[in-house]
Amino acid sequence: MRNKFYDEWQFNKILKKVESDPRQAKVLFENYLNDFPKDYSAYSFYASCLITLGLYDEASNVLDSLDDAYKNDNKFFISNNSEKINFLNCNIIYAKLRLLCRQKKYKDALELYYSKYKYTKNMDLERIALYCEIKLNLLENDCRKKYFYLIRQAIEYQTSDFLYHVKKHVDEDTVDDDEKLSVFKNNFPIEKIVSEIDKYLMTDNGVLYGFGFIEDLYYFKYDDCGLSKGKKADYFKVVTFHDTKNIITMFPVVDHKNLPCTDLNYMNVEDKPMVKGLSQSDKFIKRYGIK
């Protein structure tokens with residue numbers, strides 16, 4: 001008998017689309033929720049999808065509707081097991097924190113993080129709380145050295161620190177095994193590429209996605225730029241701090257053909273050495289050895 005409240009197979013199929021094609025995932029979520037309007041967990045994931053697409057007002061409306069459901073649908077929340085409700089609570093808090101961070105409401109995000117600490121303490125979001133503290137000037141700038149890479153760069157961005165960090169995705173011979181999941185080819189012109197993509201970041205010419213809390217993502221096409229999970233990669237991902245051109249990291253990716261991206265293959269052509277064609281007289285001389 002078909003379940004009236006959710007379709008696990010269909011829902012999981014949509015989740016796989018969220019990262020590879022968030023625009024399509026949005027449409028699929030809307031169709032799904034028309035069929036299963038009481039699948040509250042699906043609403044929390046739908047809100048996150050909307051945040052990724054920068055549709056903050058729509059995401060806020062969805063999250064407000066979930067708050068209303070808590071007040072008005074007591075039967076659902078009382079009858080379901082605590083594990084399922086805790087999972088839903090975590091998803092809602094996660095989405096709300098994402099929304100507040102992307103809206104730059106860092107004080108509200110920090111208050112939510114600590115007011116719901118019984119949930120957030122298990123979400124591995126300490127870096128997000130630290131980032132909010134930085135944005136609220138609650139950390140001293142001179143403490144930069146004691147933190148890990150992401151927080152160091154949030155306190156004070158240094159291009160040299162980024163270039164050193166990204167080397168682990170460039171030279172396959174010098175990275176640890178667990179980092180070989182994604183590496184550029186040794187001849188990938190990393191500094192030239194970084195200089196070139198600057199003109200696409202934060203412009204209408206760049207295709208931006210808002211995955212995560214504090215990051216903006218851009219995808220670029222550059223044929224045979226490296227390897228990702230042992231497969232030849234024709235795309236690479238660039239991660240910046242939200243609303244800045246400050247690059248956190250970049251690495252090759254595969255299976256992103258459905259995501260709009262910026263094509264940099266004009267640089268790939270430029271980087272290939274030009275082979276001079278032989279004239280008719282040169283061909284004659286080469287063939288017969290006559291000078």
# chains A, B, ... in the order shown; residues from 1 in each chain; ligands from 1
>>> residues_around(residues="Gln158 (chain A)", least_positions_apart="5", cutoff="12 Å", atoms="only C-alpha atoms", output="short mmCIF file (atom, residue, chain, number, x, y, z; two decimals) with N, CA and C atoms, in the first residue's frame")
data_model
loop_
_atom_site.label_atom_id
_atom_site.label_comp_id
_atom_site.auth_asym_id
_atom_site.auth_seq_id
_atom_site.Cartn_x
_atom_site.Cartn_y
_atom_site.Cartn_z
N ARG A 144 45.54 35.10 14.88
CA ARG A 144 45.39 34.38 13.61
C ARG A 144 46.18 33.07 13.58
N TYR A 149 43.40 26.62 9.02
CA TYR A 149 43.46 27.40 7.78
C TYR A 149 42.22 28.26 7.53
N LEU A 150 41.03 27.67 7.56
CA LEU A 150 39.82 28.40 7.22
C LEU A 150 39.63 29.62 8.11
N ILE A 151 39.80 29.44 9.41
CA ILE A 151 39.59 30.55 10.35
C ILE A 151 40.72 31.58 10.23
N ARG A 152 41.96 31.11 9.99
CA ARG A 152 43.05 32.07 9.75
C ARG A 152 42.70 33.01 8.60
N GLN A 153 42.20 32.43 7.52
CA GLN A 153 41.88 33.23 6.35
C GLN A 153 40.67 34.13 6.59
N LEU A 163 47.70 29.98 -1.72
CA LEU A 163 48.53 29.30 -2.72
C LEU A 163 49.26 28.11 -2.10
N TYR A 164 49.72 28.27 -0.87
CA TYR A 164 50.38 27.16 -0.18
C TYR A 164 49.39 26.04 0.08
N HIS A 165 48.17 26.42 0.51
CA HIS A 165 47.13 25.44 0.82
C HIS A 165 46.72 24.66 -0.43
N ASN A 246 37.85 36.29 -2.28
CA ASN A 246 38.89 35.58 -1.55
C ASN A 246 38.69 34.07 -1.68
N ILE A 247 39.58 33.43 -2.41
CA ILE A 247 39.43 31.99 -2.69
C ILE A 247 39.92 31.17 -1.50
N ILE A 248 39.07 30.25 -1.04
CA ILE A 248 39.44 29.35 0.04
C ILE A 248 40.20 28.15 -0.52
#
>>> residues_around(residues="region 108-112 of chain A", least_positions_apart="4", cutoff="6 Å", atoms="only C-alpha atoms", output="list in words")
Leu97, Leu100 and Lys116 of chain A
>>> select_by_dssp(residues="region 40-272 of chain A", states="helix (DSSP H, G or I)", output="compact mmCIF listing (two decimals) with N, CA and C atoms, in the first residue's frame")
# COMPACT_ATOMS: atom_id res chain seq x y z
N TYR A 40 7.37 16.73 6.56
CA TYR A 40 8.05 17.92 7.08
C TYR A 40 9.56 17.86 6.89
N SER A 41 10.11 16.67 6.94
CA SER A 41 11.54 16.54 6.70
C SER A 41 11.91 17.03 5.30
N ALA A 42 11.07 16.72 4.33
CA ALA A 42 11.32 17.16 2.96
C ALA A 42 11.32 18.69 2.86
N TYR A 43 10.47 19.34 3.64
CA TYR A 43 10.43 20.80 3.64
C TYR A 43 11.76 21.40 4.10
N SER A 44 12.38 20.78 5.11
CA SER A 44 13.66 21.30 5.60
C SER A 44 14.75 21.19 4.54
N PHE A 45 14.75 20.10 3.77
CA PHE A 45 15.72 19.94 2.69
C PHE A 45 15.39 20.87 1.52
N TYR A 46 14.11 21.08 1.29
CA TYR A 46 13.68 22.02 0.25
C TYR A 46 14.16 23.42 0.58
N ALA A 47 14.04 23.81 1.86
CA ALA A 47 14.52 25.13 2.29
C ALA A 47 16.01 25.28 2.02
N SER A 48 16.78 24.23 2.31
CA SER A 48 18.22 24.29 2.06
C SER A 48 18.51 24.43 0.57
N CYS A 49 17.73 23.77 -0.26
CA CYS A 49 17.90 23.88 -1.71
C CYS A 49 17.64 25.31 -2.17
N LEU A 50 16.61 25.94 -1.62
CA LEU A 50 16.30 27.33 -1.95
C LEU A 50 17.43 28.27 -1.52
N ILE A 51 18.03 27.99 -0.36
CA ILE A 51 19.15 28.80 0.12
C ILE A 51 20.32 28.68 -0.85
N THR A 52 20.59 27.47 -1.32
CA THR A 52 21.67 27.25 -2.28
C THR A 52 21.47 28.10 -3.54
N TYR A 56 16.36 33.47 -0.70
CA TYR A 56 16.31 33.55 0.75
C TYR A 56 14.90 33.80 1.29
N ASP A 57 14.14 34.66 0.63
CA ASP A 57 12.78 34.95 1.11
C ASP A 57 11.91 33.69 1.04
N GLU A 58 12.04 32.95 -0.07
CA GLU A 58 11.27 31.71 -0.20
C GLU A 58 11.68 30.70 0.86
N ALA A 59 12.98 30.60 1.11
CA ALA A 59 13.47 29.66 2.13
C ALA A 59 12.94 30.06 3.51
N SER A 60 12.93 31.34 3.79
CA SER A 60 12.44 31.83 5.08
C SER A 60 10.96 31.48 5.26
N ASN A 61 10.18 31.60 4.18
CA ASN A 61 8.75 31.26 4.25
C ASN A 61 8.55 29.78 4.55
N VAL A 62 9.38 28.93 3.92
CA VAL A 62 9.29 27.49 4.15
C VAL A 62 9.61 27.16 5.60
N LEU A 63 10.67 27.78 6.13
CA LEU A 63 11.07 27.51 7.52
C LEU A 63 10.02 28.04 8.50
N ASP A 64 9.38 29.17 8.16
CA ASP A 64 8.29 29.69 9.00
C ASP A 64 7.12 28.72 9.01
N SER A 65 6.86 28.11 7.85
CA SER A 65 5.75 27.15 7.78
C SER A 65 6.03 25.93 8.65
N LEU A 66 7.30 25.56 8.77
CA LEU A 66 7.65 24.44 9.65
C LEU A 66 7.45 24.81 11.11
N ASP A 67 7.77 26.06 11.46
CA ASP A 67 7.51 26.53 12.83
C ASP A 67 6.01 26.48 13.13
N ASP A 68 5.19 26.88 12.15
CA ASP A 68 3.73 26.83 12.33
C ASP A 68 3.25 25.39 12.50
N ALA A 69 3.87 24.48 11.75
CA ALA A 69 3.47 23.07 11.85
C ALA A 69 3.70 22.54 13.26
N TYR A 70 4.81 22.97 13.89
CA TYR A 70 5.09 22.55 15.26
C TYR A 70 3.95 22.97 16.21
N LYS A 71 3.40 24.15 15.93
CA LYS A 71 2.35 24.68 16.81
C LYS A 71 0.99 24.04 16.53
N ASN A 72 0.75 23.72 15.26
CA ASN A 72 -0.61 23.33 14.86
C ASN A 72 -0.82 21.85 14.60
N ASN A 74 0.03 18.99 16.38
CA ASN A 74 0.51 18.28 17.57
C ASN A 74 0.44 16.77 17.40
N LYS A 75 -0.54 16.30 16.67
CA LYS A 75 -0.72 14.86 16.48
C LYS A 75 0.51 14.24 15.84
N PHE A 76 1.04 14.91 14.81
CA PHE A 76 2.22 14.39 14.10
C PHE A 76 3.43 14.35 15.03
N PHE A 77 3.68 15.43 15.73
CA PHE A 77 4.90 15.54 16.52
C PHE A 77 4.86 14.74 17.81
N ILE A 78 3.66 14.46 18.30
CA ILE A 78 3.54 13.63 19.50
C ILE A 78 3.60 12.14 19.14
N SER A 79 3.00 11.78 18.01
CA SER A 79 2.90 10.37 17.64
C SER A 79 4.20 9.79 17.10
N SER A 82 10.98 9.92 19.04
CA SER A 82 11.86 11.05 19.36
C SER A 82 13.06 11.13 18.42
N GLU A 83 13.55 9.99 17.96
CA GLU A 83 14.70 9.99 17.03
C GLU A 83 14.35 10.71 15.73
N LYS A 84 13.18 10.43 15.22
CA LYS A 84 12.73 11.07 13.99
C LYS A 84 12.53 12.57 14.19
N ILE A 85 11.97 12.96 15.31
CA ILE A 85 11.75 14.38 15.60
C ILE A 85 13.07 15.10 15.81
N ASN A 86 14.02 14.45 16.49
CA ASN A 86 15.34 15.06 16.68
C ASN A 86 16.04 15.28 15.34
N PHE A 87 15.90 14.32 14.44
CA PHE A 87 16.48 14.45 13.10
C PHE A 87 15.87 15.65 12.37
N LEU A 88 14.56 15.80 12.48
CA LEU A 88 13.88 16.93 11.86
C LEU A 88 14.33 18.25 12.48
N ASN A 89 14.44 18.28 13.81
CA ASN A 89 14.90 19.49 14.50
C ASN A 89 16.30 19.90 14.02
N CYS A 90 17.18 18.93 13.92
CA CYS A 90 18.55 19.21 13.45
C CYS A 90 18.54 19.78 12.05
N ASN A 91 17.73 19.21 11.16
CA ASN A 91 17.65 19.70 9.79
C ASN A 91 17.13 21.14 9.72
N ILE A 92 16.13 21.44 10.55
CA ILE A 92 15.56 22.79 10.56
C ILE A 92 16.58 23.79 11.09
N ILE A 93 17.24 23.45 12.18
CA ILE A 93 18.26 24.35 12.76
C ILE A 93 19.40 24.56 11.78
N TYR A 94 19.81 23.47 11.14
CA TYR A 94 20.89 23.54 10.14
C TYR A 94 20.51 24.52 9.03
N ALA A 95 19.29 24.39 8.51
CA ALA A 95 18.85 25.28 7.43
C ALA A 95 18.74 26.73 7.91
N LYS A 96 18.23 26.92 9.13
CA LYS A 96 18.11 28.28 9.66
C LYS A 96 19.48 28.93 9.83
N LEU A 97 20.46 28.16 10.31
CA LEU A 97 21.81 28.70 10.46
C LEU A 97 22.41 29.06 9.11
N ARG A 98 22.19 28.21 8.12
CA ARG A 98 22.67 28.52 6.76
C ARG A 98 22.07 29.82 6.26
N LEU A 99 20.77 29.96 6.44
CA LEU A 99 20.07 31.16 5.96
C LEU A 99 20.60 32.41 6.65
N LEU A 100 20.73 32.37 7.96
CA LEU A 100 21.21 33.54 8.71
C LEU A 100 22.63 33.92 8.32
N CYS A 101 23.49 32.92 8.13
CA CYS A 101 24.88 33.21 7.74
C CYS A 101 24.94 33.83 6.35
N ARG A 102 24.16 33.30 5.44
CA ARG A 102 24.19 33.81 4.07
C ARG A 102 23.54 35.18 3.97
N TYR A 106 24.91 37.58 11.50
CA TYR A 106 25.82 36.76 12.30
C TYR A 106 25.44 36.72 13.78
N LYS A 107 24.92 37.80 14.30
CA LYS A 107 24.50 37.82 15.71
C LYS A 107 23.35 36.84 15.93
N ASP A 108 22.37 36.87 15.03
CA ASP A 108 21.23 35.95 15.14
C ASP A 108 21.69 34.50 14.98
N ALA A 109 22.64 34.29 14.07
CA ALA A 109 23.15 32.92 13.85
C ALA A 109 23.85 32.40 15.10
N LEU A 110 24.64 33.26 15.73
CA LEU A 110 25.38 32.86 16.93
C LEU A 110 24.41 32.57 18.08
N GLU A 111 23.38 33.40 18.21
CA GLU A 111 22.38 33.17 19.26
C GLU A 111 21.64 31.86 19.04
N LEU A 112 21.30 31.56 17.78
CA LEU A 112 20.62 30.30 17.48
C LEU A 112 21.54 29.11 17.77
N TYR A 113 22.80 29.25 17.39
CA TYR A 113 23.78 28.17 17.60
C TYR A 113 23.84 27.78 19.08
N TYR A 114 23.94 28.78 19.96
CA TYR A 114 24.08 28.48 21.39
C TYR A 114 22.74 28.17 22.07
N SER A 115 21.64 28.76 21.59
CA SER A 115 20.34 28.48 22.21
C SER A 115 19.88 27.05 21.89
N TYR A 117 22.08 24.49 21.48
CA TYR A 117 23.36 23.78 21.57
C TYR A 117 23.21 22.28 21.75
N LYS A 118 22.12 21.84 22.35
CA LYS A 118 21.93 20.39 22.52
C LYS A 118 21.84 19.68 21.16
N TYR A 119 21.48 20.45 20.12
CA TYR A 119 21.49 19.91 18.76
C TYR A 119 22.78 20.26 18.03
N THR A 120 23.18 21.52 18.11
CA THR A 120 24.32 22.00 17.30
C THR A 120 25.66 21.43 17.76
N GLU A 126 31.44 24.14 14.83
CA GLU A 126 32.24 25.09 15.62
C GLU A 126 32.88 26.16 14.75
N ARG A 127 33.30 25.76 13.54
CA ARG A 127 33.94 26.72 12.63
C ARG A 127 32.96 27.84 12.24
N ILE A 128 31.67 27.50 12.16
CA ILE A 128 30.66 28.49 11.80
C ILE A 128 30.48 29.49 12.93
N ALA A 129 30.46 28.98 14.16
CA ALA A 129 30.36 29.87 15.33
C ALA A 129 31.57 30.80 15.39
N LEU A 130 32.77 30.25 15.15
CA LEU A 130 33.98 31.07 15.13
C LEU A 130 33.92 32.14 14.05
N TYR A 131 33.43 31.75 12.88
CA TYR A 131 33.32 32.70 11.77
C TYR A 131 32.39 33.85 12.14
N CYS A 132 31.25 33.52 12.77
CA CYS A 132 30.32 34.57 13.21
C CYS A 132 30.99 35.49 14.23
N GLU A 133 31.77 34.92 15.13
CA GLU A 133 32.48 35.74 16.13
C GLU A 133 33.47 36.67 15.45
N ILE A 134 34.13 36.19 14.42
CA ILE A 134 35.07 37.04 13.66
C ILE A 134 34.33 38.21 13.04
N LYS A 135 33.20 37.91 12.40
CA LYS A 135 32.42 38.95 11.73
C LYS A 135 31.84 39.96 12.71
N ASN A 141 42.52 40.11 16.10
CA ASN A 141 43.24 39.81 14.85
C ASN A 141 44.59 39.16 15.09
N ASP A 142 45.22 39.46 16.22
CA ASP A 142 46.57 38.94 16.45
C ASP A 142 46.58 37.46 16.86
N CYS A 143 45.39 36.85 16.92
CA CYS A 143 45.34 35.43 17.29
C CYS A 143 45.29 34.54 16.04
N ARG A 144 45.54 35.10 14.88
CA ARG A 144 45.39 34.38 13.61
C ARG A 144 46.18 33.07 13.58
N LYS A 145 47.41 33.10 14.03
CA LYS A 145 48.32 31.95 13.88
C LYS A 145 47.85 30.71 14.62
N LYS A 146 47.07 30.86 15.65
CA LYS A 146 46.72 29.69 16.47
C LYS A 146 45.56 28.88 15.89
N TYR A 149 43.40 26.62 9.02
CA TYR A 149 43.46 27.40 7.78
C TYR A 149 42.22 28.26 7.53
N LEU A 150 41.03 27.67 7.56
CA LEU A 150 39.82 28.40 7.22
C LEU A 150 39.63 29.62 8.11
N ILE A 151 39.80 29.44 9.41
CA ILE A 151 39.59 30.55 10.35
C ILE A 151 40.72 31.58 10.23
N ARG A 152 41.96 31.11 9.99
CA ARG A 152 43.05 32.07 9.75
C ARG A 152 42.70 33.01 8.60
N GLN A 153 42.20 32.43 7.52
CA GLN A 153 41.88 33.23 6.35
C GLN A 153 40.67 34.13 6.59
N ALA A 154 39.75 33.70 7.44
CA ALA A 154 38.60 34.54 7.77
C ALA A 154 39.02 35.73 8.62
N ILE A 155 39.99 35.53 9.50
CA ILE A 155 40.50 36.62 10.34
C ILE A 155 41.25 37.63 9.49
N THR A 159 46.83 35.81 0.37
CA THR A 159 46.90 35.05 -0.87
C THR A 159 47.99 33.99 -0.80
N SER A 160 49.10 34.31 -0.17
CA SER A 160 50.20 33.36 -0.06
C SER A 160 49.77 32.11 0.72
N ASP A 161 48.94 32.29 1.72
CA ASP A 161 48.42 31.17 2.51
C ASP A 161 47.54 30.29 1.63
N PHE A 162 46.70 30.92 0.80
CA PHE A 162 45.86 30.15 -0.12
C PHE A 162 46.70 29.35 -1.11
N LEU A 163 47.70 29.98 -1.72
CA LEU A 163 48.53 29.30 -2.72
C LEU A 163 49.26 28.11 -2.10
N TYR A 164 49.72 28.27 -0.87
CA TYR A 164 50.38 27.16 -0.18
C TYR A 164 49.39 26.04 0.08
N HIS A 165 48.17 26.42 0.51
CA HIS A 165 47.13 25.44 0.82
C HIS A 165 46.72 24.66 -0.43
N VAL A 166 46.56 25.35 -1.56
CA VAL A 166 46.03 24.70 -2.75
C VAL A 166 47.05 23.80 -3.44
N LYS A 167 48.31 23.87 -3.05
CA LYS A 167 49.33 23.01 -3.64
C LYS A 167 49.01 21.53 -3.45
N LYS A 168 48.30 21.21 -2.39
CA LYS A 168 47.97 19.79 -2.15
C LYS A 168 47.02 19.26 -3.22
N HIS A 169 46.42 20.16 -3.98
CA HIS A 169 45.55 19.73 -5.07
C HIS A 169 46.21 19.91 -6.44
N GLU A 172 50.48 15.75 -7.60
CA GLU A 172 50.04 14.43 -7.16
C GLU A 172 51.13 13.67 -6.43
N ASP A 173 52.38 13.97 -6.72
CA ASP A 173 53.48 13.23 -6.12
C ASP A 173 53.74 13.62 -4.67
N THR A 174 53.20 14.76 -4.24
CA THR A 174 53.56 15.25 -2.91
C THR A 174 52.39 15.27 -1.93
N ASP A 177 47.72 10.20 0.58
CA ASP A 177 46.79 9.34 -0.15
C ASP A 177 45.35 9.82 -0.07
N ASP A 178 44.95 10.30 1.12
CA ASP A 178 43.55 10.70 1.26
C ASP A 178 43.23 11.99 0.51
N GLU A 179 44.26 12.70 0.06
CA GLU A 179 44.03 13.92 -0.69
C GLU A 179 44.14 13.68 -2.20
N ILE A 190 48.24 26.97 -12.34
CA ILE A 190 47.41 27.38 -11.21
C ILE A 190 47.38 28.91 -11.02
N GLU A 191 48.55 29.55 -11.02
CA GLU A 191 48.57 30.99 -10.75
C GLU A 191 47.96 31.78 -11.90
N LYS A 192 48.16 31.33 -13.12
CA LYS A 192 47.56 31.97 -14.28
C LYS A 192 46.05 31.83 -14.24
N ILE A 193 45.57 30.66 -13.85
CA ILE A 193 44.14 30.41 -13.75
C ILE A 193 43.53 31.29 -12.66
N VAL A 194 44.19 31.37 -11.50
CA VAL A 194 43.69 32.18 -10.40
C VAL A 194 43.55 33.64 -10.83
N SER A 195 44.52 34.12 -11.57
CA SER A 195 44.47 35.49 -12.07
C SER A 195 43.32 35.68 -13.05
N GLU A 196 43.08 34.68 -13.90
CA GLU A 196 42.03 34.78 -14.92
C GLU A 196 40.63 34.71 -14.32
N ILE A 197 40.41 33.82 -13.37
CA ILE A 197 39.05 33.64 -12.85
C ILE A 197 38.61 34.82 -11.99
N ASN A 265 38.22 27.00 -21.60
CA ASN A 265 39.04 26.25 -22.55
C ASN A 265 39.77 27.13 -23.55
N TYR A 266 39.41 28.40 -23.64
CA TYR A 266 40.21 29.31 -24.46
C TYR A 266 41.61 29.43 -23.88
N MET A 267 41.76 29.27 -22.57
CA MET A 267 43.09 29.29 -21.95
C MET A 267 43.81 27.98 -22.22
N ASN A 268 43.06 26.89 -22.24
CA ASN A 268 43.65 25.58 -22.52
C ASN A 268 44.29 25.58 -23.90
N VAL A 269 43.63 26.20 -24.86
CA VAL A 269 44.17 26.29 -26.22
C VAL A 269 45.40 27.17 -26.23
N GLU A 270 45.34 28.29 -25.51
CA GLU A 270 46.47 29.22 -25.48
C GLU A 270 47.70 28.58 -24.86
N ASP A 271 47.49 27.67 -23.90
CA ASP A 271 48.62 27.06 -23.21
C ASP A 271 49.33 26.00 -24.03
>>> closest_residue(among="A:Asp263, A:Asn186, A:Tyr157, A:Leu181", to="Lys231 (chain A)", atoms="only C-alpha atoms")
A:Leu181
>>> closest_residue(among="A:Phe29, A:Trp9, A:Phe36, A:Phe184", to="Asp224 (chain A)", atoms="only C-alpha atoms")
A:Phe184
>>> atom_distance(atom1="CA of Asn187 (chain A)", atom2="CA of Met202 (chain A)")
27.4 Å
>>> atom_distance(atom1="CA of Tyr209 (chain A)", atom2="CA of Lys232 (chain A)")
23.3 Å
>>> select_by_dssp(residues="region 83-252 of chain A", states="strand (DSSP E)", output="count of residues only")
36
>>> closest_residue(among="A:Asn137, A:Asn34, A:Asn122, A:Thr262", to="Tyr200 (chain A)", atoms="only C-alpha atoms")
A:Thr262
>>> atom_distance(atom1="CA of Asp73 (chain A)", atom2="CA of Gln10 (chain A)")
24.1 Å
